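See below for the structure under consideration.
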Amino acid sequence: MAGCTVAPLRFFISLRPVWALLLLAVLGIGQARAGLFDDDEARKAILDLRQGAKTTDQRITDETAKLQEDNATLKRGLLDLQNQIEALKADLARLRGQDEQMARDLAEVQRHQKDLAQGMDDRLRKFEPAKVTVDGREFVADPAEKRDFEAALASFRKGDFGPAQAAFVDFTKRYPQSGYGPSALFWLGNAQYATRDYKEAIANFRALIAAAPDHARAPEAALSIANCQIELKDNRSARKTLEDLQKAYPQSEAASAAKERLAKLPR
């Protein structure tokens, strides 16, 4: 800068004083203007920098706002996704509960069907004839037939001879071809004997012997006939009955009892 200034000064010295002064003035103005231009450029640069900084700040602000908005959107998306997941879990739990309930309902229906089938089988069995053995005889009887006979016999064994007599009379009428028939006649005769209805008792004991002379109760029925005749004071008939009993069933316990009765029976 100093070198540049010395050369012009030498030139100015060689000039006339007035012109030198004028030239110096022009040079001074030019340098001042050059200084002014340098300040304007610096100021402009500073303004440009400031404007650039503002632009950058604004961009950063905009980018930050956008990032915040994107972040909020992402959070809302995640929250919605979480809510959907929870809803799916609830639906899955409900479906599992429904499956479990359906399984329980199915098991209950199957159990009910099994019970119905079992009940149906039981009811059918109640109406199906079955083999029974009474007084040494085996035969087929309907469930109702078996039930009615056992009910009448239960009444007799309890000592309810009147109801037992009625029950056995009803039984013989309801089931005239029953395998229980001879046994029913035997117990009917005994119920009548207990109520002192000796003539009817004799009739039923004789019906038993006529229908099934080889029945296990036939010897006892013959002995019971003799007992009824003794109660009726018909010793003659009683004696004949006892003698016939010994001949017909000599090996029976009733025959032994008949022998003892004959020994004690008045002539």
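A note on labels: chains of the structure tokens are A, B, ... as shown, every chain counts residues from 1, and ligands are counted from 1 in their shown order.
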
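Residues in contact range of Ala184 (chain A), defined as at most 9 Å between only C-alpha atoms, with sequence neighbours fewer than 6 positions away removed, read Phe149, Ala152, Leu153, Phe168, Val169, Phe171, Thr172 and Leu208 of chain A.
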
For the selection you just gave me, I'd like the residues written to a file as a compact mmCIF listing (two decimals), in the first residue's frame, keeping C-alpha atoms.
```txt
# COMPACT_ATOMS: atom_id res chain seq x y z
CA PHE A 149 -96.66 -110.36 41.74
CA ALA A 152 -98.85 -108.72 46.23
CA LEU A 153 -96.36 -111.06 47.91
CA PHE A 168 -103.53 -111.88 44.08
CA VAL A 169 -107.12 -112.11 42.84
CA PHE A 171 -103.17 -110.76 39.41
CA THR A 172 -104.78 -114.07 38.41
CA LEU A 208 -103.05 -125.02 41.86
```

Those of region 176-217 of chain A in DSSP alpha helix (DSSP H), formatted as number ranges by chain: A: 181-194, 198-211

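The interatomic distance for the pair CA of Leu185 (chain A) and CA of Asp160 (chain A) works out to 16.7 Å.
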
task: Considering only C-alpha atoms, return as a list of chain:residue names whatever protein or nucleic-acid residues lie within 9 Å of Ala221 (chain A), sequence-local ones (same chain, fewer than 5 positions apart) excluded.
output: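 Skipping anything fewer than 5 positions along the chain leaves A:Phe186, A:Gly189, A:Asn190, A:Ile202, A:Asn204, A:Phe205, A:Arg206, A:Leu208, A:Ile209, A:Ala226, A:Ala254.
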
Residue subset to file, keeping C-alpha atoms, as a compact mmCIF listing (two decimals), in the first residue's frame:
```txt
# COMPACT_ATOMS: atom_id res chain seq x y z
CA PHE A 186 -100.81 -120.77 46.55
CA GLY A 189 -105.10 -119.53 49.27
CA ASN A 190 -102.86 -118.75 52.25
CA ILE A 202 -109.62 -124.79 49.33
CA ASN A 204 -107.58 -122.04 44.99
CA PHE A 205 -105.33 -124.75 46.46
CA ARG A 206 -107.14 -127.36 44.36
CA LEU A 208 -103.05 -125.02 41.86
CA ILE A 209 -102.76 -128.83 42.09
CA ALA A 226 -106.58 -130.55 54.85
CA ALA A 254 -95.74 -132.12 53.55
```

- prompt: Could you work out how far CA of Gln177 (chain A) lies from CA of Glu128 (chain A), giving the answer in Å with one decimal?
  reply: 17.0 Å

- prompt: Which residue gives the smallest distance to Ala218 (chain A) among A:Asp62, A:Thr133, A:Tyr175, A:Ala255, with only C-alpha atoms counted?
  reply: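 The shortest atom-to-atom distance to Ala218 (chain A) comes from A:Ala255.
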
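Taking CA of Leu188 (chain A) and CA of Val132 (chain A) as the two end points, the separation is 20.0 Å.
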
- request: List every residue of region 38-242 of chain A that DSSP, applied to the backbone, labels as strand (DSSP E), and write the result as a PyMOL selection string.
  value: chain A and resi 130-134+137-141

Atoms kept (N, CA and C atoms) for selection, written as a PDB file, in the first residue's frame:
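Contents of selection_1.pdb, freshly written:
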```pdb
ATOM      1  N   ALA A 130     -88.454-110.893  30.607  1.00  0.00           N
ATOM      2  CA  ALA A 130     -87.176-111.388  31.124  1.00  0.00           C
ATOM      3  C   ALA A 130     -87.408-112.710  31.840  1.00  0.00           C
ATOM      4  N   LYS A 131     -86.352-113.498  31.906  1.00  0.00           N
ATOM      5  CA  LYS A 131     -86.443-114.784  32.594  1.00  0.00           C
ATOM      6  C   LYS A 131     -86.447-114.564  34.105  1.00  0.00           C
ATOM      7  N   VAL A 132     -87.351-115.282  34.779  1.00  0.00           N
ATOM      8  CA  VAL A 132     -87.403-115.245  36.242  1.00  0.00           C
ATOM      9  C   VAL A 132     -87.517-116.678  36.747  1.00  0.00           C
ATOM     10  N   THR A 133     -87.130-116.844  37.981  1.00  0.00           N
ATOM     11  CA  THR A 133     -87.243-118.172  38.612  1.00  0.00           C
ATOM     12  C   THR A 133     -88.003-118.024  39.917  1.00  0.00           C
ATOM     13  N   VAL A 134     -89.119-118.708  40.033  1.00  0.00           N
ATOM     14  CA  VAL A 134     -89.957-118.652  41.233  1.00  0.00           C
ATOM     15  C   VAL A 134     -90.351-120.081  41.604  1.00  0.00           C
ATOM     16  N   ARG A 137     -89.184-122.851  39.400  1.00  0.00           N
ATOM     17  CA  ARG A 137     -89.584-122.845  37.999  1.00  0.00           C
ATOM     18  C   ARG A 137     -89.020-121.616  37.296  1.00  0.00           C
ATOM     19  N   GLU A 138     -88.469-121.814  36.100  1.00  0.00           N
ATOM     20  CA  GLU A 138     -87.948-120.699  35.304  1.00  0.00           C
ATOM     21  C   GLU A 138     -88.903-120.436  34.143  1.00  0.00           C
ATOM     22  N   PHE A 139     -89.241-119.197  33.943  1.00  0.00           N
ATOM     23  CA  PHE A 139     -90.157-118.822  32.866  1.00  0.00           C
ATOM     24  C   PHE A 139     -89.893-117.356  32.501  1.00  0.00           C
ATOM     25  N   VAL A 140     -90.527-116.907  31.451  1.00  0.00           N
ATOM     26  CA  VAL A 140     -90.384-115.530  30.977  1.00  0.00           C
ATOM     27  C   VAL A 140     -91.590-114.723  31.453  1.00  0.00           C
ATOM     28  N   ALA A 141     -91.308-113.548  31.991  1.00  0.00           N
ATOM     29  CA  ALA A 141     -92.383-112.692  32.515  1.00  0.00           C
ATOM     30  C   ALA A 141     -92.150-111.246  32.095  1.00  0.00           C
TER      31      ALA A 141
END
```

query: So which one's closest to Gln192 (chain A), A:Ala166, A:Ala257, A:Ala216, A:Ala65? Using only C-alpha atoms, please.
result: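 Comparing A:Ala166, A:Ala257, A:Ala216, A:Ala65 against Gln192 (chain A), the winner is A:Ala166.
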
field: A:Trp187, A:Met102, A:Pro182, A:Ala212 ranked by distance to Phe156 (chain A), top pick (using only C-alpha atoms)
entry: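 Ranking A:Trp187, A:Met102, A:Pro182, A:Ala212 by distance to Phe156 (chain A), first place goes to A:Trp187.
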
message: I'd like the neighbourhood of Gly162 (chain A) as an MDAnalysis selection string, where a residue qualifies if any of its atoms comes within 10 Å (using only C-alpha atoms), though same-chain residues fewer than 5 positions away should be ignored.
response: chainID A and resid 155:156 167 191:192 194:195

Export C-alpha atoms of the chosen residues as a short mmCIF file (atom, residue, chain, number, x, y, z; two decimals), in the first residue's frame?
```cif
data_model
loop_
_atom_site.label_atom_id
_atom_site.label_comp_id
_atom_site.auth_asym_id
_atom_site.auth_seq_id
_atom_site.Cartn_x
_atom_site.Cartn_y
_atom_site.Cartn_z
CA SER A 155 -98.27 -107.30 51.21
CA PHE A 156 -98.75 -110.89 52.36
CA ALA A 167 -103.86 -108.17 44.87
CA ALA A 191 -104.15 -115.16 52.42
CA GLN A 192 -107.72 -116.49 52.41
CA ALA A 194 -105.45 -116.22 57.22
CA THR A 195 -108.75 -114.31 56.83
#
```

message: I'd like to know which of A:Lys44, A:Ala103, A:Gln229, A:Arg94 is closest to Glu200 (chain A), using only C-alpha atoms.
response: A:Gln229

Minimum-distance residue to Asp197 (chain A), chosen among A:Cys228, A:Ala211, A:Leu223, A:Leu88 (using only C-alpha atoms):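 Selected residue with least distance to Asp197 (chain A): A:Cys228.
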